[in-house]
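*Asks:* One structure, as structure tokens, below. Some questions next.
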Amino acid sequence: MPETKVLTAGIGEANLRDLAIYRERGGYEQWRRAVAEMTPAQIQDVTMKSGLRGRGGAGFPTGRKWSFLPKNDRPRYMVCNCDEAEPGTFKDHMLLEETPHQVLEGILIGTYAIGSHHAFVYIRGEFRKGYEIFMQAVADARAAGFIGENIFGTDYCVDVTVHRGAGAYICGEETALINSIEGRRGEPRLKPPFPAIKGLYNEPTVVNNVETLATLPHILKNGPEWFTAVGTEKSPGYKIVSVSGHVKKPGNYEVPLGTPISELLAIAGGPRDGRTIVAVQPGGGSSACLFQEHLDLGYDFDTMAANGTMLGSGAVVFFDDTTNFVEAALALVQFYAHESCGQCTPCREGGHWLEVTLQRILDGGGMHSDIDMLVSVSHQMTGLNLCPLGDSIEPFLASVVKRFEAQFRAYVRTPERVAVPA
Amino acid sequence: MSARVDVKLVNLTIDGNPVRVPEGTLLVEAAKAVTTDIPVYCYHPKLGPAGLCRICLVDIEKAPKLQIACNTTVTEGMVVHTYGEKVDAGRKAVMEFLLLNHPLDCPICDKGGECDLQDYSMAYGASASRLADPKSSKPKAIDLGPTIVLDDERCIVCQRCSRFDEIITNERSLVVKDRGQRDVIATASGEPYRSNFSGNVTELCPVGALTSKTYRFKSRPWDNARTHTTCTQCSVGCALNVDERYGAITRTMSDEDDAVSDGWLCDRGRYNIAFYGDARRITTPMLRTPTGEFVQIGWDDAIERWAKHLRDAVASDGADSIAAIGGGRLLNEEILVLAQTMRALGVTHLDWRAGRQRQASPGAYGGTYVDLETADLVVAIGRPPSQTAPVLDLRIRKAVRNGARYVTVGSHPSDSFVVSSHLARVSDLAAHVESATRVAFVWDGIDAAVGAQAAELAESLAARGTHVSTFVASEQSNARGAEALGMSPQNGSADSDGIFAAARAGKLRVLSLLGVNPMLHHPLGASAIRDAIERTDFVVCTELFLTETAKLAHLVLPARAAFEKSGHVYDLAGDVLAVNAGHTAPEGTLADADMLVALAAELDVTIAAPDSLHAQASAAIVATATAFGDPKFARASDATSETIGSKGDARNGVRIAIAANIFSGGGSVYFDERLAALRPSPTATFARETAATLGVHAGDLVDLVAGERTLVGLVAIITDTAPSGVVTVIDGLPDAPANEFADGETVALANVRSAERALTAGAV
Amino acid sequence: MQSVIGGVVALAKGFATTLQFAFQKKPTVSYPNVKIQHAPRFHGLHELRRYDDGKERCIGCELCSIACPANAITVIGAENTPEDRRSPGERFAARYEIDELRCIFCGLCEEACPTDAIVLTPRFEMADYRRSSFIYSKDRLLVPQDAGKGTAPDERPNGIPSDLGSVIEQKSTVDIMAGYGATHRGEILKTERKGLAG
């Protein structure tokens, strides 16, 4: 299946940041339709039928997520999570900068669909340019009457607040993001209560990814059947995949879910000349590696899960035979150790421990027992934390240590250490 | 707050034991029912779950992985295992992470011996560390504020301290700064951590990261001999443990006490202990010679002289020439002996009032601390309890956290760190009480007229079915006991104002002052009190130190302080609380009760048997309940505050508000060397616009003048919370006694020296 | 008759034993001119050691005091200040007292000490005329600043410390090491001693 441009349509061809150009291409028409012709329940129904799954990482069906909101008249909030920081992911970044109105339209539709009147957009601190572009888009949309009171002559009013983060990876976790918007320390909250019950400002809140929301206008326009017609049964629709690593043409490619990984590789120009791909991380830094023998697997949520990894946010990183996996592991572990908020003991201490151990192995001071310890410590960290960050080190580290153990052992110069019993 | 609904019970199995607990109970609490010890660091019953330390893992059948007991609510049919291979492995894993970078400081750590980390590492930890690299090194002995030292290496980031500061005190100054491995407890502003409740964080800290400066390296936990007693620093009556080593108090710790203190202590109660061993304590009776010097005399001699003067006075001028003031700082038993001895002589001029407070009992609507906590409207009238009864103020903050509104009436801001509104008069309360269903009034007991208005309001609220509870936060810890147990004027006998007036008129022959310091606290002012004492033939003073008043007395008797004697006190809610001696009193001192019993024996007066005193005292509180804000307690001289003219420049005249401070006073705090950093310096606090009008800047030195009376050298503070047109000064500071001034009178500002000029003047 | 013969035999046996010892070398020595070698781990007077840089090893942790079965040790800790740094960490012993009359010289203090600060030296001559002078405080326990850092038991060579006065060593008639052979610990001590000697 070749690349199919839906969300990415027009990027590079037209200046989609311009409201007029975006409208010429049918922009905000679905927003008008939603408010003027549909009820929130209808939109929820369409979303449910489309089987749209969250594009942020967990892949939770969006329609079901919305259905968890309590049926009461308390204020509720839509939060758009644009704190894209997963290593290897750069799709939301592009959507925000290139098609801000498409994102905004999706946010507005989502906000209307859950019966909210206030959307918050949380933009990662480093996305300064994207932030400025999006702020302009919000201003233009407000001037055009798409945000504000009595939208399209109805009595529906909506407001959008854009909040710029400060670049903490953990603020991509929905409750940490909510804390951050509230002005608190960006660290995940204890769950339960879940955001759908008690989220932003203690009110029911839905947090959706940029790509998820940006897909909404297209589903509304083409109908849920159009969406379910592509992809697999449980992973319908299109997905922007951020391909990076040892490929000739890294970038964002929009493909139907279920496309084989080998085809993704081909779209991205294939491996560098004379090199072979030995590993691929299919879902960003937090996912376990797949290897040569897995390249023919279809790229969808369930196939990935069935093979012990995950689709995550759709960041595919290819590693060819030149890769030093010890260095790669250290780079990732450093990232997670640095980004740990420090709340939970296993994540705070374990990440740091792995970091210094890997660094020592690379510096030539490693022992054979260290390599077994890498696996055992990263495993020991997993499943004990409040949020998934602490669980994110094990998949990659364990999978590469298992597969490329020789690379790790090659660094060890000291004789076997007497193992301290665990 | 609404009517109690039937609690639904849930059945579950914990380690094979069937347990029935109310719905919504946390597993960690439910497990206590079967006395299973689930280890916790970040969880605390008063702070709730945080889910950070991950040590409380339990195995719940059908759950895919180990769950934390602190944030799991019980469900019907749940089967829980709190031990076993799987659980132990999980806890061991967490323990390894906790200990990974924790220093091996235990031998010098103040917590060593009572440390949760030590205990649980014995229970779950591995014997050796797998860490091959050096432990991460972090700063030690960080000065967090005047009371607390932080050891960052030891911190396990359970956030109990910062959550205490957020949830319980609402002061929100302690936060976790930085992230990941580099995180550190600090104040958000970077300023020193100052709080009236700072000591609690050292007790909450499950490791030795936060330690008290006053206790640092003083002893190891096993050295301390512990006595459970009641704090008598204020009228709240918090449960307290006194730790003593080699005859010196090393520290005080709070105790679980849901009925009174809620498990907390204020810093005054916790840290004001060094005075017990201060070298300036009086340890022998001292008699003033005709030349004015004190000579040491024996106890027998002292009691004989006291008795002789009393006997002679009765014989020559009748019992009306004798008066006694005291009781507010004494134990119930002591008050009874005092009152009985004096009344046996026919003395009627007995009063406990030695300061501004007029009334101590809350009347017919006297409430419990739980009433306060569950109120939906809390009204503080006069001095707010934040400085007079700090732990009571935590109840108010708890009430506000539970949704109550807090209103202060008078010229003082609430100082409570919670949302509160401020009213000038009781009559302004009408709109606020309208929708309230449970109203709590906290009065300072000072202005009887205001108290009467509040009583009237309380009465009308109660009449229409509103739940009303009333509280009086007293200046003296056992004022309520003193008022109930006979140390208040009866049948027209003189109160302390009358007693001092009679003394100034030369009508008094013997005046006994027991544990009071009217020179510093009595609103008649120091000059009037000095005059009164000088015109009395024989003034006996029982004291710990040579206070302003004791210096003037003819006979000074060395008394014992609260932790040196046993008995009972009333708290402000009327509970009778036991006080137990936990400190070896200095040789030569006697408890007031012992002096009085000796005096009674010397006078041949029969008093009740010591065994019966406690029972008598406990019965009395019921019998003598008076109305809240009884007008009969109004000061005869109250009207004079209006008439006291000001000779100062009318242009810069302001009303003076005399505020309490928990670290003011001329006795235990003044003679406590270790509290120097916490004692307030004399200040004058202005609202921003008032200061601007008067041309005062922050840091200026100012004098306040009213007629002949002056307060010199106050440092100006400018805040947003002070009411406008008012200058607030602190009561009870020996360096600047404010008792020459009536609360609310107009004073003039004089001699404003700018901060720089003040500095140069100081240098000269 | 029989009893008479029995008595004579017994007497003869007794006198024979006495005679046998009369011609043996005497085990008594003319103390204090002559001092007998004592066991390598002899537990005598305490000593508080220093580090190489002269700082006190004792951190005032009181573990010796809590370990002491005779309750003979009193420690009161205090905090080091930058101006007056006594020990490497934050805490040092402001007061360190051992009542040598109470002390049973069991060595548990030495074992409890986390910094090897308190050790029992082979010195045993502590006789004095006043009971109060048996309370040794830091001035007598701490190795003087100019007298080295003190010797850990493991580093201590066997023998009488030279500072005990003029010592004339005389080979004892009793092999002091013989008694140790019966225990496992004795074996270890013997080997260690050999190692040290070598």
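Order determines the names: the first chain of the structure tokens is A, the second B, and so forth; residues in each chain are numbered 1 upward, and ligands are numbered 1 upward as they are shown.
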Could you tell me which residues of chain B sit within 8 Å of chain C when counting only C-alpha atoms, and give me the result as a list in words?
*Replies:*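 Contact residues on the first chain: Pro107, Ile108, Arg216, Phe217, Lys218, Ser219 and Arg220 of chain B.
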*Asks:* Would you kindly return, as a PyMOL selection string, each protein, DNA or RNA residue with an atom no farther than 12 Å from any atom of Asp53 in chain C, considering only C-alpha atoms and excluding same-chain residues fewer than 2 positions away?
*Replies:* chain C and resi 49-51+55-57+85-88+145-146+148-149
*Asks:* Store the residues picked out above in a file with C-alpha atoms, as a PDB file, in the first residue's frame.
*Replies:*
```pdb
ATOM      1  CA  ARG C  49      41.787   6.548  67.677  1.00  0.00           C
ATOM      2  CA  ARG C  50      42.385   9.202  65.082  1.00  0.00           C
ATOM      3  CA  TYR C  51      42.538   9.231  61.313  1.00  0.00           C
ATOM      4  CA  LYS C  55      40.703  13.977  62.937  1.00  0.00           C
ATOM      5  CA  GLU C  56      38.946  11.983  65.582  1.00  0.00           C
ATOM      6  CA  ARG C  57      37.479   8.732  64.385  1.00  0.00           C
ATOM      7  CA  ARG C  85      36.064  20.343  62.853  1.00  0.00           C
ATOM      8  CA  ARG C  86      36.816  17.402  65.107  1.00  0.00           C
ATOM      9  CA  SER C  87      35.663  14.445  63.025  1.00  0.00           C
ATOM     10  CA  PRO C  88      35.090  13.968  59.307  1.00  0.00           C
ATOM     11  CA  GLN C 145      47.358  14.672  68.540  1.00  0.00           C
ATOM     12  CA  ASP C 146      51.125  14.242  68.427  1.00  0.00           C
ATOM     13  CA  GLY C 148      50.034   9.046  66.116  1.00  0.00           C
ATOM     14  CA  LYS C 149      46.608   7.687  65.405  1.00  0.00           C
TER      15      LYS C 149
END
```
*Asks:* If we count only C-alpha atoms and set the cut-off at 12 Å, which residues sit around Arg270 in chain B, ignoring sequence neighbours fewer than 5 positions away in its own chain? Please answer as a compact mmCIF listing (two decimals) with all heavy atoms, in the first residue's frame.
*Replies:*
```txt
# COMPACT_ATOMS: atom_id res chain seq x y z
N THR B 147 14.25 26.54 61.91
CA THR B 147 14.04 25.38 62.77
C THR B 147 14.50 24.06 62.16
O THR B 147 14.73 23.10 62.88
CB THR B 147 12.54 25.22 63.11
OG1 THR B 147 11.82 25.21 61.89
CG2 THR B 147 12.05 26.35 63.98
N ASN B 196 4.67 28.25 61.60
CA ASN B 196 4.46 27.98 63.01
C ASN B 196 4.31 26.49 63.28
O ASN B 196 4.18 26.07 64.43
CB ASN B 196 3.22 28.72 63.51
CG ASN B 196 3.48 30.20 63.66
OD1 ASN B 196 4.64 30.63 63.66
ND2 ASN B 196 2.43 30.98 63.79
N PHE B 197 4.29 25.71 62.21
CA PHE B 197 4.10 24.26 62.38
C PHE B 197 5.27 23.48 61.78
O PHE B 197 5.15 22.31 61.46
CB PHE B 197 2.79 23.84 61.72
CG PHE B 197 1.61 24.63 62.22
CD1 PHE B 197 1.12 25.70 61.51
CD2 PHE B 197 1.01 24.30 63.42
CE1 PHE B 197 0.05 26.45 61.99
CE2 PHE B 197 -0.04 25.03 63.91
CZ PHE B 197 -0.53 26.11 63.19
N SER B 198 6.39 24.14 61.62
CA SER B 198 7.49 23.52 60.86
C SER B 198 7.98 22.22 61.50
O SER B 198 8.38 21.31 60.80
CB SER B 198 8.64 24.51 60.73
OG SER B 198 9.22 24.75 62.00
N GLY B 199 7.92 22.14 62.83
CA GLY B 199 8.45 20.96 63.49
C GLY B 199 7.75 19.68 63.09
O GLY B 199 8.34 18.59 63.14
N ASN B 200 6.50 19.78 62.67
CA ASN B 200 5.76 18.57 62.31
C ASN B 200 6.41 17.82 61.15
O ASN B 200 6.30 16.60 61.07
CB ASN B 200 4.31 18.92 61.95
CG ASN B 200 3.53 19.38 63.15
OD1 ASN B 200 3.41 18.65 64.13
ND2 ASN B 200 3.03 20.60 63.11
N VAL B 201 7.07 18.55 60.27
CA VAL B 201 7.66 17.85 59.12
C VAL B 201 8.78 16.92 59.56
O VAL B 201 9.04 15.91 58.92
CB VAL B 201 8.15 18.82 58.02
CG1 VAL B 201 7.02 19.68 57.51
CG2 VAL B 201 9.31 19.66 58.49
N THR B 202 9.44 17.25 60.68
CA THR B 202 10.51 16.35 61.12
C THR B 202 9.92 15.04 61.62
O THR B 202 10.54 14.00 61.53
CB THR B 202 11.35 16.98 62.24
OG1 THR B 202 10.52 17.18 63.38
CG2 THR B 202 11.94 18.29 61.81
N GLU B 203 8.71 15.13 62.17
CA GLU B 203 8.08 13.89 62.62
C GLU B 203 7.48 13.12 61.46
O GLU B 203 7.45 11.89 61.47
CB GLU B 203 6.98 14.20 63.64
CG GLU B 203 7.52 14.48 65.01
CD GLU B 203 6.41 14.54 66.04
OE1 GLU B 203 5.63 13.58 66.13
OE2 GLU B 203 6.32 15.56 66.72
N SER B 212 15.26 18.56 63.39
CA SER B 212 15.09 19.81 64.11
C SER B 212 16.44 20.34 64.56
O SER B 212 17.26 19.59 65.07
CB SER B 212 14.23 19.59 65.36
OG SER B 212 12.90 19.44 65.01
N LYS B 213 16.63 21.63 64.39
CA LYS B 213 17.89 22.22 64.84
C LYS B 213 18.05 22.05 66.36
O LYS B 213 19.15 21.84 66.84
CB LYS B 213 17.92 23.71 64.49
CG LYS B 213 18.29 23.95 63.06
CD LYS B 213 18.48 25.43 62.80
CE LYS B 213 18.82 25.65 61.34
NZ LYS B 213 18.83 27.07 61.00
N THR B 214 16.94 22.15 67.08
CA THR B 214 17.06 22.10 68.54
C THR B 214 17.43 20.71 69.03
O THR B 214 17.94 20.56 70.13
CB THR B 214 15.74 22.50 69.20
OG1 THR B 214 14.71 21.70 68.66
CG2 THR B 214 15.43 23.95 68.98
N TYR B 215 17.16 19.69 68.23
CA TYR B 215 17.41 18.32 68.68
C TYR B 215 18.63 17.72 68.01
O TYR B 215 19.09 16.65 68.37
CB TYR B 215 16.18 17.45 68.39
CG TYR B 215 16.32 16.00 68.81
CD1 TYR B 215 16.54 15.68 70.14
CD2 TYR B 215 16.24 14.98 67.88
CE1 TYR B 215 16.67 14.35 70.54
CE2 TYR B 215 16.37 13.65 68.26
CZ TYR B 215 16.59 13.35 69.59
OH TYR B 215 16.72 12.04 69.97
N THR B 230 0.57 16.67 78.47
CA THR B 230 -0.23 17.61 77.70
C THR B 230 0.55 18.91 77.61
O THR B 230 1.13 19.35 78.59
CB THR B 230 -1.57 17.86 78.40
OG1 THR B 230 -2.26 16.62 78.50
CG2 THR B 230 -2.42 18.84 77.64
N CYS B 231 0.54 19.50 76.45
CA CYS B 231 1.23 20.77 76.28
C CYS B 231 0.43 21.86 76.97
O CYS B 231 -0.78 21.96 76.79
CB CYS B 231 1.39 21.08 74.79
SG CYS B 231 2.17 22.67 74.48
N THR B 232 1.10 22.69 77.76
CA THR B 232 0.38 23.77 78.45
C THR B 232 0.85 25.13 77.99
O THR B 232 0.75 26.11 78.70
CB THR B 232 0.58 23.66 79.97
OG1 THR B 232 1.97 23.70 80.23
CG2 THR B 232 -0.01 22.39 80.52
N GLN B 233 1.38 25.19 76.77
CA GLN B 233 1.80 26.50 76.28
C GLN B 233 0.62 27.37 75.86
O GLN B 233 0.71 28.58 75.89
CB GLN B 233 2.77 26.33 75.10
CG GLN B 233 4.10 25.75 75.48
CD GLN B 233 5.03 26.78 76.11
OE1 GLN B 233 4.62 27.88 76.40
NE2 GLN B 233 6.26 26.38 76.37
N CYS B 234 -0.45 26.75 75.41
CA CYS B 234 -1.63 27.54 75.09
C CYS B 234 -2.84 26.73 75.51
O CYS B 234 -2.73 25.66 76.08
CB CYS B 234 -1.69 27.92 73.61
SG CYS B 234 -2.28 26.62 72.54
N CYS B 238 -2.60 20.18 73.44
CA CYS B 238 -2.18 19.10 72.55
C CYS B 238 -1.49 17.98 73.33
O CYS B 238 -0.72 18.25 74.25
CB CYS B 238 -1.21 19.62 71.51
SG CYS B 238 -1.88 20.95 70.53
N ALA B 239 -1.74 16.77 72.91
CA ALA B 239 -1.03 15.63 73.48
C ALA B 239 0.43 15.71 73.07
O ALA B 239 0.75 16.09 71.95
CB ALA B 239 -1.64 14.33 72.97
N LEU B 240 1.29 15.37 73.99
CA LEU B 240 2.70 15.63 73.79
C LEU B 240 3.51 14.56 74.49
O LEU B 240 3.13 14.08 75.56
CB LEU B 240 2.99 17.01 74.39
CG LEU B 240 4.36 17.61 74.27
CD1 LEU B 240 4.37 18.45 73.01
CD2 LEU B 240 4.61 18.52 75.44
N ASN B 241 4.62 14.18 73.92
CA ASN B 241 5.56 13.30 74.58
C ASN B 241 6.82 14.09 74.89
O ASN B 241 7.38 14.74 74.00
CB ASN B 241 5.90 12.10 73.70
CG ASN B 241 4.73 11.16 73.58
OD1 ASN B 241 4.13 10.80 74.59
ND2 ASN B 241 4.38 10.79 72.36
N VAL B 242 7.26 14.02 76.12
CA VAL B 242 8.48 14.72 76.52
C VAL B 242 9.60 13.70 76.62
O VAL B 242 9.44 12.69 77.31
CB VAL B 242 8.30 15.42 77.87
CG1 VAL B 242 9.56 16.18 78.23
CG2 VAL B 242 7.12 16.35 77.83
N ASP B 243 10.69 13.96 75.93
CA ASP B 243 11.83 13.07 76.00
C ASP B 243 12.91 13.71 76.86
O ASP B 243 13.29 14.86 76.62
CB ASP B 243 12.39 12.80 74.59
CG ASP B 243 11.53 11.79 73.86
OD1 ASP B 243 10.65 11.19 74.51
OD2 ASP B 243 11.73 11.60 72.65
N ILE B 249 15.52 18.07 79.02
CA ILE B 249 14.56 17.72 77.98
C ILE B 249 15.28 17.83 76.64
O ILE B 249 15.86 18.86 76.32
CB ILE B 249 13.35 18.66 78.02
CG1 ILE B 249 12.61 18.48 79.34
CG2 ILE B 249 12.42 18.39 76.85
CD1 ILE B 249 11.47 19.43 79.53
N THR B 250 15.27 16.74 75.89
CA THR B 250 15.94 16.78 74.59
C THR B 250 14.99 17.22 73.49
O THR B 250 15.38 17.92 72.58
CB THR B 250 16.52 15.41 74.23
OG1 THR B 250 15.49 14.43 74.38
CG2 THR B 250 17.68 15.07 75.14
N ARG B 251 13.76 16.78 73.59
CA ARG B 251 12.80 17.15 72.55
C ARG B 251 11.39 16.84 73.03
O ARG B 251 11.20 16.15 74.03
CB ARG B 251 13.07 16.37 71.27
CG ARG B 251 12.89 14.88 71.47
CD ARG B 251 12.97 14.11 70.18
NE ARG B 251 12.89 12.67 70.44
CZ ARG B 251 12.97 11.74 69.50
NH1 ARG B 251 13.13 12.07 68.26
NH2 ARG B 251 12.89 10.46 69.82
N THR B 252 10.43 17.36 72.29
CA THR B 252 9.04 16.98 72.51
C THR B 252 8.50 16.49 71.18
O THR B 252 8.91 16.95 70.12
CB THR B 252 8.20 18.17 72.98
OG1 THR B 252 8.40 19.24 72.06
CG2 THR B 252 8.60 18.62 74.36
N MET B 253 7.61 15.53 71.27
CA MET B 253 7.05 14.97 70.05
C MET B 253 5.53 14.94 70.20
O MET B 253 5.02 14.81 71.30
CB MET B 253 7.52 13.53 69.83
CG MET B 253 9.01 13.34 69.81
SD MET B 253 9.68 13.32 68.17
CE MET B 253 9.25 11.71 67.58
N SER B 254 4.86 15.03 69.07
CA SER B 254 3.40 14.97 69.13
C SER B 254 2.96 13.54 69.37
O SER B 254 3.75 12.61 69.32
CB SER B 254 2.81 15.48 67.82
OG SER B 254 3.13 14.58 66.79
N ASP B 255 1.69 13.39 69.64
CA ASP B 255 1.14 12.06 69.82
C ASP B 255 -0.18 11.99 69.07
O ASP B 255 -0.80 13.02 68.82
CB ASP B 255 0.92 11.79 71.32
CG ASP B 255 1.03 10.31 71.62
OD1 ASP B 255 0.82 9.49 70.70
OD2 ASP B 255 1.31 9.97 72.77
N TRP B 264 -0.98 17.03 65.64
CA TRP B 264 0.02 18.05 65.29
C TRP B 264 0.47 18.80 66.54
O TRP B 264 -0.16 18.76 67.59
CB TRP B 264 -0.55 19.05 64.28
CG TRP B 264 -1.21 18.40 63.12
CD1 TRP B 264 -2.50 18.55 62.73
CD2 TRP B 264 -0.63 17.48 62.19
NE1 TRP B 264 -2.76 17.79 61.62
CE2 TRP B 264 -1.63 17.12 61.26
CE3 TRP B 264 0.64 16.92 62.05
CZ2 TRP B 264 -1.41 16.24 60.21
CZ3 TRP B 264 0.86 16.04 60.99
CH2 TRP B 264 -0.16 15.71 60.09
N LEU B 265 1.55 19.53 66.37
CA LEU B 265 2.04 20.44 67.41
C LEU B 265 2.46 21.72 66.72
O LEU B 265 2.89 21.70 65.58
CB LEU B 265 3.27 19.86 68.11
CG LEU B 265 3.11 18.82 69.20
CD1 LEU B 265 4.47 18.51 69.78
CD2 LEU B 265 2.19 19.32 70.30
N PRO B 390 -2.53 27.95 67.98
CA PRO B 390 -2.16 27.57 66.61
C PRO B 390 -2.75 26.25 66.12
O PRO B 390 -3.18 26.15 64.98
CB PRO B 390 -0.63 27.48 66.67
CG PRO B 390 -0.24 28.28 67.85
CD PRO B 390 -1.35 28.17 68.82
N VAL B 391 -2.77 25.26 66.99
CA VAL B 391 -3.24 23.96 66.52
C VAL B 391 -4.76 23.98 66.32
O VAL B 391 -5.29 23.28 65.48
CB VAL B 391 -2.78 22.84 67.48
CG1 VAL B 391 -3.34 21.50 67.08
CG2 VAL B 391 -1.25 22.78 67.49
N ILE B 662 2.73 33.85 68.64
CA ILE B 662 2.93 32.65 69.44
C ILE B 662 4.29 32.64 70.12
O ILE B 662 4.49 31.93 71.08
CB ILE B 662 2.72 31.34 68.63
CG1 ILE B 662 3.85 31.06 67.65
CG2 ILE B 662 1.40 31.33 67.92
CD1 ILE B 662 3.80 29.62 67.15
N PHE B 663 5.21 33.46 69.64
CA PHE B 663 6.54 33.47 70.27
C PHE B 663 6.78 34.72 71.10
O PHE B 663 7.90 35.12 71.31
CB PHE B 663 7.63 33.30 69.22
CG PHE B 663 7.65 31.94 68.61
CD1 PHE B 663 7.26 31.74 67.30
CD2 PHE B 663 8.02 30.85 69.37
CE1 PHE B 663 7.26 30.48 66.74
CE2 PHE B 663 8.02 29.58 68.82
CZ PHE B 663 7.65 29.39 67.51
N VAL B 669 9.48 31.80 76.78
CA VAL B 669 10.10 32.08 75.49
C VAL B 669 11.29 33.01 75.67
O VAL B 669 12.35 32.82 75.09
CB VAL B 669 9.09 32.75 74.54
CG1 VAL B 669 9.71 32.91 73.18
CG2 VAL B 669 7.84 31.94 74.44
N ARG B 674 17.45 28.90 72.81
CA ARG B 674 17.37 28.25 71.50
C ARG B 674 16.25 28.83 70.64
O ARG B 674 16.15 28.53 69.47
CB ARG B 674 17.16 26.75 71.66
CG ARG B 674 18.42 26.03 72.08
CD ARG B 674 18.27 24.55 71.89
NE ARG B 674 18.43 23.82 73.12
CZ ARG B 674 17.77 22.72 73.43
NH1 ARG B 674 16.88 22.23 72.60
NH2 ARG B 674 17.98 22.11 74.56
N LEU B 675 15.37 29.64 71.25
CA LEU B 675 14.25 30.19 70.48
C LEU B 675 14.56 31.57 69.94
O LEU B 675 13.71 32.21 69.34
CB LEU B 675 13.00 30.27 71.35
CG LEU B 675 12.17 29.00 71.46
CD1 LEU B 675 10.83 29.32 72.08
CD2 LEU B 675 11.95 28.36 70.10
```
*Asks:* Give the strand (DSSP E) residues of range 214-373 of chain A, as assigned by DSSP on the backbone, as number ranges by chain.
*Replies:* A: 238-245, 251-256, 277-281, 290-291, 315-320
*Asks:* Leaving out Thr89 in chain A and any residue of its chain fewer than 3 positions from it, which residues lie within 10 Å of it when counting only C-alpha atoms, given as JSON, numbers by chain?
*Replies:* {"A": [56, 84, 85, 86, 92, 93, 240, 241, 242, 243, 244, 251, 252, 283, 284, 285, 312, 313, 314, 315, 316, 317]}
*Asks:* As a list in words, list the residues of range 166-253 of chain A assigned to alpha helix (DSSP H) by DSSP on the backbone atoms of this structure.
*Replies:*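 Matching residues for alpha helix (DSSP H) in range 166-253 of chain A are Glu174, Thr175, Ala176, Leu177, Ile178, Asn179, Ser180, Ile181, Val210, Glu211, Thr212, Leu213, Ala214, Thr215, Leu216, Pro217, His218, Ile219, Leu220, Lys221, Asn222, Gly223, Pro224, Glu225, Trp226, Phe227, Thr228 and Ala229 of chain A.
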*Asks:* Could you tell me which residues of chain A sit within 7 Å of chain B when counting only C-alpha atoms, and give me the result as a count of residues only?
*Replies:* 19
*Asks:* To one decimal place in Å, what is the distance between CA of Asp139 in chain C and CA of Arg41 in chain C?
*Replies:*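 Computing it gives 24.4 Å between the two atoms.
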*Asks:* Write out as a count of residues only the residues lying within 8 Å of range 359-372 of chain B, counting only C-alpha atoms and excluding same-chain residues fewer than 3 positions away.
*Replies:* 33
*Asks:* In Å to one decimal, how far is CA of Pro40 in chain A from CA of Phe152 in chain A?
*Replies:*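 Between CA of Phe152 in chain A and CA of Pro40 in chain A the gap is 15.4 Å.
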*Asks:* Counting only C-alpha atoms, what is within 8 Å of Thr357 in chain A, bar same-chain residues fewer than 3 positions away, as a list of chain:residue names?
*Replies:*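 With the cut-off at 8 Å, the set is A:Trp353, A:Leu354, A:Arg360, A:Ile361, A:Gly366, A:Asp370, A:Leu374, B:Ala132, B:Asp133.
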*Asks:* What's the 12 Å shell around Ala139 in chain A, counting only C-alpha atoms, without same-chain residues fewer than 4 positions away, as a list in words?
*Replies:*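 Near Ala139 in chain A, the qualifying residues are Arg17, Asp18, Leu19, Pro100, His101, Leu104, Glu132, Ile133, Phe134, Met135, Ala143, Ala144, Gly145, Phe146, Ile147, Gly148, Asp159, Val160, Thr161 and Val162 of chain A.
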*Asks:* Rank B:Ile717, B:Ala354, B:Ile185, B:Leu485 by their smallest atom-to-atom distance to Leu336 in chain B, using only C-alpha atoms, and report the top residue only.
*Replies:*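 When distances to Leu336 in chain B are compared using only C-alpha atoms, the smallest one comes from B:Leu485.
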*Asks:* What gap, in Å, lies between CA of Phe396 in chain A and CA of Gly383 in chain A?
*Replies:*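 Distance reported for this atom pair: 15.3 Å.
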*Asks:* Go through C:Val119, C:Leu19, C:Ile135, C:Met126 one by one, measure the shortest atom-to-atom distance of each to Ile73 in chain C using only C-alpha atoms, and give the residue with the smallest value.
*Replies:*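 Under the stated criterion, the closest residue is C:Ile135.
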